[in-house]
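Below is work-v1.txt, holding compact mmCIF, C-alpha atoms.
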```txt
# COMPACT_ATOMS: atom_id res chain seq x y z
CA MET A 1 4.98 10.26 -11.28
CA ALA A 2 1.46 9.06 -12.02
CA THR A 3 -1.43 11.50 -11.84
CA GLY A 4 -4.84 11.55 -10.20
CA ASP A 5 -7.91 13.51 -11.17
CA ALA A 6 -8.04 16.78 -9.21
CA PRO A 7 -5.41 19.34 -8.20
CA VAL A 8 -5.12 20.04 -4.47
CA ALA A 9 -3.64 23.19 -2.94
CA ALA A 10 -1.88 22.36 0.34
CA ILE A 11 -2.45 25.40 2.51
CA ARG A 12 -0.45 25.07 5.74
CA THR A 13 2.66 23.45 4.25
CA GLY A 14 2.94 26.01 1.48
CA LEU A 15 2.65 23.37 -1.24
CA PRO A 16 1.77 24.39 -4.77
CA ALA A 17 -1.32 22.97 -6.45
CA LEU A 18 -0.67 19.28 -7.05
CA THR A 19 -2.41 16.23 -8.47
CA PRO A 20 -2.09 13.32 -6.04
CA ILE A 21 -1.78 9.68 -7.04
CA GLU A 22 -4.97 7.87 -6.04
CA THR A 23 -4.44 4.88 -3.76
CA ARG A 24 -6.23 3.04 -0.94
CA LEU A 25 -5.63 1.54 2.46
CA ASP A 26 -4.78 -2.18 2.52
CA GLY A 27 -3.89 -2.14 -1.15
CA PRO A 28 -0.75 -3.70 -2.67
CA PRO A 29 2.62 -2.13 -1.86
CA ILE A 30 3.49 0.91 -3.96
CA LEU A 31 6.91 0.88 -5.63
CA GLY A 32 7.82 4.45 -6.49
CA SER A 33 10.82 6.61 -7.31
CA LEU A 34 11.80 10.16 -6.42
CA THR A 35 13.63 11.74 -9.34
CA GLU A 36 14.38 15.13 -10.82
CA GLY A 37 11.12 16.59 -12.06
CA ASP A 38 9.04 15.42 -9.09
CA SER A 39 7.31 17.86 -6.75
CA ILE A 40 9.53 19.92 -4.42
CA LEU A 41 8.75 20.77 -0.80
CA PRO A 42 9.18 24.57 -0.48
CA SER A 43 10.49 24.41 3.10
CA ASP A 44 13.70 22.51 2.30
CA ARG A 45 13.66 21.82 -1.47
CA SER A 46 13.35 18.04 -0.94
CA LEU A 47 11.53 15.85 -3.46
CA PHE A 48 8.17 14.19 -2.79
CA ASP A 49 5.35 12.20 -4.38
CA ALA A 50 1.79 12.87 -3.16
CA TYR A 51 -0.80 10.14 -2.61
CA ARG A 52 -4.49 10.49 -1.78
CA PHE A 53 -6.52 7.90 0.15
CA SER A 54 -9.85 7.80 1.97
CA GLY A 55 -10.35 6.91 5.62
CA ARG A 56 -12.90 6.92 8.43
CA ALA A 57 -12.99 8.84 11.70
CA GLY A 58 -11.36 6.76 14.44
CA GLN A 59 -9.70 4.38 11.96
CA ALA A 60 -6.21 3.21 12.99
CA VAL A 61 -3.73 3.35 10.11
CA SER A 62 -0.12 2.37 9.55
CA LEU A 63 1.76 4.20 6.79
CA ALA A 64 5.22 2.78 6.10
CA MET A 65 7.94 3.97 3.71
CA SER A 66 11.30 2.33 3.13
CA SER A 67 14.20 2.92 0.77
CA GLN A 68 17.72 1.63 0.23
CA ASP A 69 18.63 4.84 -1.62
CA PHE A 70 17.72 7.65 0.80
CA ASP A 71 16.46 8.58 4.28
CA SER A 72 12.66 8.22 4.06
CA TYR A 73 10.30 10.89 5.40
CA LEU A 74 6.48 10.79 5.54
CA ILE A 75 4.04 13.68 5.95
CA LEU A 76 0.31 13.12 6.53
CA LEU A 77 -2.07 15.96 5.64
CA ASP A 78 -5.82 16.38 5.58
CA ALA A 79 -7.64 17.03 2.30
CA ASP A 80 -6.96 20.78 2.55
CA GLY A 81 -3.23 20.34 3.11
CA ASN A 82 -3.25 20.95 6.87
CA SER A 83 -0.52 18.96 8.62
CA ILE A 84 -1.65 16.06 10.84
CA THR A 85 1.62 14.29 11.64
CA PHE A 86 4.99 13.33 10.15
CA ASP A 87 7.79 10.83 10.74
CA ASP A 88 11.44 10.23 9.88
CA ASP A 89 12.87 6.99 11.34
CA SER A 90 10.19 5.19 13.41
CA GLY A 91 10.20 2.27 10.97
CA GLY A 92 13.76 1.36 11.98
CA GLY A 93 17.01 2.51 10.42
CA TYR A 94 16.18 5.21 7.88
CA ASP A 95 12.62 3.97 7.27
CA ALA A 96 9.58 6.12 8.10
CA LEU A 97 6.44 4.85 9.86
CA ILE A 98 3.30 6.75 10.84
CA GLN A 99 0.89 4.95 13.17
CA THR A 100 -2.09 7.14 13.99
CA THR A 101 -5.87 7.32 14.31
CA LEU A 102 -7.63 9.36 11.63
CA PRO A 103 -9.52 12.33 13.12
CA SER A 104 -12.37 12.47 10.59
CA SER A 105 -13.91 10.69 7.63
CA GLY A 106 -12.79 11.76 4.18
CA ASP A 107 -9.72 12.10 2.00
CA TYR A 108 -6.12 12.38 3.22
CA LEU A 109 -2.84 13.26 1.53
CA LEU A 110 0.37 11.35 2.18
CA LEU A 111 3.67 12.82 1.02
CA ALA A 112 6.44 10.29 0.29
CA ASN A 113 9.41 12.54 0.95
CA THR A 114 13.15 12.52 1.64
CA TYR A 115 14.70 13.75 4.88
CA GLU A 116 16.61 16.50 3.08
CA SER A 117 17.23 18.00 -0.34
CA GLY A 118 19.63 16.33 -2.74
CA GLN A 119 18.29 12.83 -2.04
CA SER A 120 16.54 10.65 -4.64
CA GLY A 121 15.94 7.01 -5.60
CA ASP A 122 13.49 4.14 -5.33
CA TYR A 123 11.12 3.55 -2.41
CA ARG A 124 8.41 1.21 -1.17
CA LEU A 125 5.19 2.55 0.36
CA GLN A 126 2.54 0.55 2.24
CA LEU A 127 -0.77 1.94 3.55
CA ALA A 128 -2.54 -0.38 5.99
CA THR A 129 -5.33 -0.30 8.57
CA GLY A 130 -5.94 -1.49 12.11
CA GLY A 131 -4.14 -4.72 12.99
CA SER A 132 -1.97 -4.33 9.91
CA ARG A 133 -0.12 -1.51 11.66
CA GLY A 134 3.55 -1.85 11.07
CA THR A 135 3.15 -4.65 8.58
CA THR A 136 6.47 -5.67 7.05
CA THR A 137 6.65 -7.63 3.81
CA PRO A 138 10.14 -8.33 2.45
CA PRO A 139 10.20 -8.12 -1.37
CA SER A 140 11.29 -11.76 -1.77
CA THR A 141 11.87 -14.95 0.17
CA SER A 142 15.64 -14.84 -0.37
CA GLY A 143 18.13 -13.51 2.15
CA PRO A 144 18.07 -13.57 5.95
CA LEU A 145 14.88 -12.79 7.84
CA ASN A 146 15.35 -10.09 10.47
CA ILE A 147 12.33 -7.99 11.49
CA GLN A 148 12.38 -5.87 14.63
CA GLN A 149 9.36 -3.77 15.52
CA ASN A 150 8.33 -1.64 18.48
CA GLY A 151 4.59 -1.11 18.80
CA SER A 152 1.69 -0.61 21.18
CA LEU A 153 -1.62 -2.36 21.84
CA GLN A 154 -4.29 0.30 22.24
CA ASP A 155 -8.06 0.69 22.09
CA SER A 156 -8.09 1.46 18.34
CA ASP A 157 -6.46 -1.87 17.41
CA ASN A 158 -8.15 -4.97 16.02
CA VAL A 159 -10.01 -7.22 18.46
CA LEU A 160 -9.79 -11.01 18.57
CA PRO A 161 -13.43 -12.27 18.48
CA SER A 162 -12.73 -15.31 20.69
CA ASP A 163 -11.86 -13.34 23.84
CA GLY A 164 -12.02 -9.61 23.04
CA SER A 165 -8.24 -9.17 23.32
CA LEU A 166 -6.39 -6.63 21.16
CA PHE A 167 -3.86 -7.52 18.48
CA ASP A 168 -1.56 -6.08 15.81
CA ALA A 169 -0.65 -8.17 12.75
CA TYR A 170 2.73 -8.28 11.03
CA GLU A 171 3.21 -10.00 7.67
CA PHE A 172 6.42 -11.55 6.34
CA MET A 173 7.47 -13.89 3.54
CA GLY A 174 8.80 -17.31 4.50
CA ARG A 175 10.30 -20.35 2.77
CA ALA A 176 9.30 -24.00 3.11
CA GLY A 177 11.67 -25.64 5.60
CA GLN A 178 12.88 -22.31 7.02
CA THR A 179 13.23 -22.35 10.83
CA ILE A 180 12.47 -19.03 12.49
CA ASP A 181 12.34 -17.55 15.97
CA ILE A 182 9.53 -15.18 16.96
CA ARG A 183 9.96 -13.31 20.24
CA LEU A 184 7.44 -10.93 21.83
CA THR A 185 8.26 -8.98 24.99
CA SER A 186 6.47 -6.35 27.04
CA ALA A 187 6.87 -4.85 30.48
CA GLU A 188 3.23 -3.68 30.45
CA PHE A 189 1.07 -6.73 29.66
CA ASP A 190 1.09 -10.54 29.45
CA THR A 191 2.01 -11.19 25.81
CA TYR A 192 0.53 -13.83 23.50
CA LEU A 193 1.86 -14.86 20.07
CA ILE A 194 -0.12 -16.39 17.20
CA LEU A 195 1.37 -17.41 13.84
CA VAL A 196 -1.15 -17.78 11.00
CA ASP A 197 -0.87 -18.80 7.35
CA GLU A 198 -2.05 -16.90 4.28
CA SER A 199 -5.68 -17.95 4.87
CA GLY A 200 -5.60 -16.80 8.51
CA ALA A 201 -5.55 -20.34 9.91
CA PRO A 202 -3.44 -20.64 13.10
CA ILE A 203 -0.21 -22.63 12.76
CA GLU A 204 1.27 -22.22 16.24
CA GLN A 205 0.78 -20.06 19.35
CA ASN A 206 2.47 -19.36 22.66
CA ASP A 207 1.65 -17.55 25.89
CA ASP A 208 4.73 -17.77 28.13
CA ALA A 209 8.21 -18.73 26.93
CA SER A 210 8.86 -20.31 30.36
CA ASN A 211 7.40 -20.56 33.87
CA THR A 212 9.40 -17.51 34.93
CA THR A 213 8.22 -14.98 32.32
CA THR A 214 5.05 -13.59 30.76
CA ASN A 215 6.87 -12.93 27.46
CA SER A 216 6.20 -15.18 24.45
CA PHE A 217 8.46 -17.18 22.13
CA LEU A 218 7.99 -19.49 19.13
CA ARG A 219 10.54 -21.52 17.20
CA ILE A 220 8.95 -23.13 14.17
CA THR A 221 9.88 -24.64 10.81
CA LEU A 222 7.63 -23.12 8.14
CA PRO A 223 5.59 -25.67 6.17
CA ARG A 224 5.46 -23.79 2.85
CA THR A 225 6.77 -20.84 0.87
CA GLY A 226 4.59 -17.73 0.96
CA PRO A 227 3.18 -15.02 3.23
CA TYR A 228 2.65 -15.51 6.97
CA SER A 229 1.30 -13.20 9.66
CA VAL A 230 2.28 -12.87 13.31
CA TYR A 231 -0.47 -11.68 15.66
CA VAL A 232 0.91 -9.63 18.55
CA ASN A 233 -1.75 -10.32 21.16
CA SER A 234 -2.35 -10.14 24.90
CA PHE A 235 -3.31 -13.04 27.16
CA ASP A 236 -6.69 -11.46 27.91
CA ALA A 237 -8.86 -8.47 27.00
CA SER A 238 -7.23 -6.21 29.60
CA GLY A 239 -3.80 -6.22 27.92
CA ARG A 240 -2.57 -2.86 26.64
CA GLY A 241 0.80 -1.16 26.32
CA ASN A 242 4.12 -1.11 24.50
CA TYR A 243 5.86 -4.19 23.12
CA ASN A 244 8.86 -5.34 21.10
CA LEU A 245 8.57 -7.98 18.37
CA VAL A 246 11.50 -9.80 16.75
CA ILE A 247 11.14 -12.24 13.82
CA ARG A 248 14.37 -13.76 12.55
CA ASP A 249 16.05 -16.87 11.24
CA ALA A 250 16.85 -19.32 14.03
CA ASN A 251 20.54 -19.63 14.92
```

Transcribe the structure of this file into structure tokens.
Amino acid sequence: MATGDAPVAAIRTGLPALTPIETRLDGPPILGSLTEGDSILPSDRSLFDAYRFSGRAGQAVSLAMSSQDFDSYLILLDADGNSITFDDDSGGGYDALIQTTLPSSGDYLLLANTYESGQSGDYRLQLATGGSRGTTTPPSTSGPLNIQQNGSLQDSDNVLPSDGSLFDAYEFMGRAGQTIDIRLTSAEFDTYLILVDESGAPIEQNDDASNTTTNSFLRITLPRTGPYSVYVNSFDASGRGNYNLVIRDAN
């Protein structure tokens, strides 16, 4: 475990004094490992790494942890160690995902944890802001693409300057010549899909998959290998509510 610069005593969770790893929102993914010798959560004897980042009051954040070795668990604390929220499996499968709005400006602690004691192994941690909520970036362009994400458009999300509509952004890695399907559904608002390249330039967009639905669908062959982003958007500025996004290889 790497070290930061100042020990922190977590009061409410009963944590011992610890030295968090310094990180930041919207930085590169963190590849870590929970092993014997790491910090131990007193409540259940599970292992954890502690990270410290700074945020602003009212800032929407997405904190995602995934592992192929154990059941991920995330705990978000304020700078004094008071619990704000936690999550086990909201990222799908055994992956953890916290999507929340920060209550105040200052430092926060994020514990990369396991669901129970006796678990260890490698993990991937991503801290993102605003429209990057729920961002998913596969580690390579090999293997099948299959991303499924439940989310919600709400007032704290990013706003599209052209029409004031809300959006969330999801990143994935694609291959040149790869044909993919992107499907966005909601029972609460008229969906709108936008696919953009690494520079943010739009590649394709769709409002309604057919004349009989307000859900959106894109089938597209990717022009190059590299990162892409899908904007989950609404048809107009009034759109808010829950949605389901699926990005996968075309059949």

Give the centre and edge lengths of an axis-aligned box, in Å to one decimal, that holds all listed atoms of segment 220-238 of chain A with 3 Å on each side, as JSON.
```
{"center_x": 0.5, "center_y": -15.9, "center_z": 15.2, "size_x": 24.7, "size_y": 25.5, "size_z": 34.7}
```

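The nearest approach to Tyr115 of chain A among the residues A:Ser162, A:Ser67, A:Thr213, A:Gln59, with all atoms listed in the file taken into account, belongs to A:Ser67.
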
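Taking only C-alpha atoms into account, Phe217 of chain A lies nearest to A:Leu184 out of the set A:Leu184, A:Ala64, A:Val196, A:Ile247.
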
Counting all atoms listed in the file, the residue of A:Ala128, A:Ala79, A:Ile84, A:Ala50 that sits nearest Pro28 of chain A: A:Ala128

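Take atom CA of Thr114 of chain A and atom CA of Thr101 of chain A: the distance between them is 23.4 Å.
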
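Residues in contact with Gly27 of chain A at 9 Å, where only C-alpha atoms are counted and same-chain residues fewer than 4 positions away are skipped, are listed as Thr23, Gln126, Leu127 and Ala128 of chain A.
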
Near Asp71 of chain A, counting all atoms listed in the file, which residues have an atom at most 12 Å away, once you skip same-chain residues fewer than 6 positions from it, shown as a compact mmCIF listing (two decimals) with C-alpha atoms, in the frame of the given file?
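Resulting contents of around17.txt:
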```txt
# COMPACT_ATOMS: atom_id res chain seq x y z
CA LEU A 34 11.80 10.16 -6.42
CA SER A 46 13.35 18.04 -0.94
CA LEU A 47 11.53 15.85 -3.46
CA MET A 65 7.94 3.97 3.71
CA ASP A 87 7.79 10.83 10.74
CA ASP A 88 11.44 10.23 9.88
CA ASP A 89 12.87 6.99 11.34
CA SER A 90 10.19 5.19 13.41
CA GLY A 91 10.20 2.27 10.97
CA GLY A 92 13.76 1.36 11.98
CA GLY A 93 17.01 2.51 10.42
CA TYR A 94 16.18 5.21 7.88
CA ASP A 95 12.62 3.97 7.27
CA ALA A 96 9.58 6.12 8.10
CA ALA A 112 6.44 10.29 0.29
CA ASN A 113 9.41 12.54 0.95
CA THR A 114 13.15 12.52 1.64
CA TYR A 115 14.70 13.75 4.88
CA GLU A 116 16.61 16.50 3.08
CA SER A 117 17.23 18.00 -0.34
CA GLY A 118 19.63 16.33 -2.74
CA GLN A 119 18.29 12.83 -2.04
CA SER A 120 16.54 10.65 -4.64
CA GLY A 121 15.94 7.01 -5.60
CA ASP A 122 13.49 4.14 -5.33
CA TYR A 123 11.12 3.55 -2.41
```

A:Asn215, A:Leu160, A:Ile182, A:Gly32 ranked by distance to Ile147 of chain A, top pick (using only C-alpha atoms): A:Ile182

Residues at most 9 Å from segment 200-212 of chain A, counting all atoms listed in the file, excluding those fewer than 3 positions away in the same chain, as a PDB file with C-alpha atoms, keeping the file's coordinate frame?
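The result, stored in out30.pdb:
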```pdb
ATOM      1  CA  ARG A 183       9.960 -13.310  20.240  1.00  0.00           C
ATOM      2  CA  ASP A 190       1.090 -10.540  29.450  1.00  0.00           C
ATOM      3  CA  THR A 191       2.010 -11.190  25.810  1.00  0.00           C
ATOM      4  CA  TYR A 192       0.530 -13.830  23.500  1.00  0.00           C
ATOM      5  CA  LEU A 193       1.860 -14.860  20.070  1.00  0.00           C
ATOM      6  CA  ILE A 194      -0.120 -16.390  17.200  1.00  0.00           C
ATOM      7  CA  LEU A 195       1.370 -17.410  13.840  1.00  0.00           C
ATOM      8  CA  VAL A 196      -1.150 -17.780  11.000  1.00  0.00           C
ATOM      9  CA  ASP A 197      -0.870 -18.800   7.350  1.00  0.00           C
ATOM     10  CA  ASN A 215       6.870 -12.930  27.460  1.00  0.00           C
ATOM     11  CA  SER A 216       6.200 -15.180  24.450  1.00  0.00           C
ATOM     12  CA  PHE A 217       8.460 -17.180  22.130  1.00  0.00           C
ATOM     13  CA  LEU A 218       7.990 -19.490  19.130  1.00  0.00           C
ATOM     14  CA  ILE A 220       8.950 -23.130  14.170  1.00  0.00           C
ATOM     15  CA  TYR A 228       2.650 -15.510   6.970  1.00  0.00           C
ATOM     16  CA  SER A 229       1.300 -13.200   9.660  1.00  0.00           C
ATOM     17  CA  SER A 234      -2.350 -10.140  24.900  1.00  0.00           C
ATOM     18  CA  PHE A 235      -3.310 -13.040  27.160  1.00  0.00           C
TER      19      PHE A 235
END
```

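Reported to one decimal place, the separation of atom CA of Leu77 of chain A from atom CA of Ser156 of chain A is 20.2 Å.
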
Within 12 Å of Asp168 of chain A using all atoms listed in the file, minus same-chain residues under 5 positions, as a ChimeraX atom specification: /A:60-62,99,128-136,149-160,184,191-195,229-234,240-245

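Note that the spacing between atom CA of Val246 of chain A and atom CA of Ala169 of chain A amounts to 12.9 Å.
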
Hey, what's within 10 Å of Ala57 of chain A if we count all atoms listed in the file and toss same-chain stuff fewer than 4 positions away? As a compact mmCIF listing (two decimals) with C-alpha atoms, in the coordinates of the input, please?
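part_33.txt written:
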```
# COMPACT_ATOMS: atom_id res chain seq x y z
CA THR A 101 -5.87 7.32 14.31
CA LEU A 102 -7.63 9.36 11.63
CA PRO A 103 -9.52 12.33 13.12
CA SER A 104 -12.37 12.47 10.59
CA SER A 105 -13.91 10.69 7.63
CA GLY A 106 -12.79 11.76 4.18
```

Neighbours of point (-5.0, 12.4, 3.2) within 10 Å, using only C-alpha atoms, written as a PyMOL selection string: chain A and resi 20+50-55+75-84+102+106-111

Once you have the residues from the selection above, write them out as a JSON list (two decimals), in the coordinates of the input, restricted to C-alpha atoms.
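For reference, out_8.json as written:
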```json
[["chain", "number", "residue", "atom", "x", "y", "z"],
["A", 20, "PRO", "CA", -2.09, 13.32, -6.04],
["A", 50, "ALA", "CA", 1.79, 12.87, -3.16],
["A", 51, "TYR", "CA", -0.80, 10.14, -2.61],
["A", 52, "ARG", "CA", -4.49, 10.49, -1.78],
["A", 53, "PHE", "CA", -6.52, 7.90, 0.15],
["A", 54, "SER", "CA", -9.85, 7.80, 1.97],
["A", 55, "GLY", "CA", -10.35, 6.91, 5.62],
["A", 75, "ILE", "CA", 4.04, 13.68, 5.95],
["A", 76, "LEU", "CA", 0.31, 13.12, 6.53],
["A", 77, "LEU", "CA", -2.07, 15.96, 5.64],
["A", 78, "ASP", "CA", -5.82, 16.38, 5.58],
["A", 79, "ALA", "CA", -7.64, 17.03, 2.30],
["A", 80, "ASP", "CA", -6.96, 20.78, 2.55],
["A", 81, "GLY", "CA", -3.23, 20.34, 3.11],
["A", 82, "ASN", "CA", -3.25, 20.95, 6.87],
["A", 83, "SER", "CA", -0.52, 18.96, 8.62],
["A", 84, "ILE", "CA", -1.65, 16.06, 10.84],
["A", 102, "LEU", "CA", -7.63, 9.36, 11.63],
["A", 106, "GLY", "CA", -12.79, 11.76, 4.18],
["A", 107, "ASP", "CA", -9.72, 12.10, 2.00],
["A", 108, "TYR", "CA", -6.12, 12.38, 3.22],
["A", 109, "LEU", "CA", -2.84, 13.26, 1.53],
["A", 110, "LEU", "CA", 0.37, 11.35, 2.18],
["A", 111, "LEU", "CA", 3.67, 12.82, 1.02]]
```

Which residue of A:Gly37, A:Gly177, A:Pro42, A:Gly239 approaches Thr225 of chain A most closely, using only C-alpha atoms: A:Gly177

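Residues with at least one atom no more than 8 Å from (6.2, -16.3, 4.4), using only C-alpha atoms, are Thr141, Glu171, Phe172, Met173, Gly174, Arg175, Leu222, Arg224, Thr225, Gly226, Pro227, Tyr228 and Ser229 of chain A.
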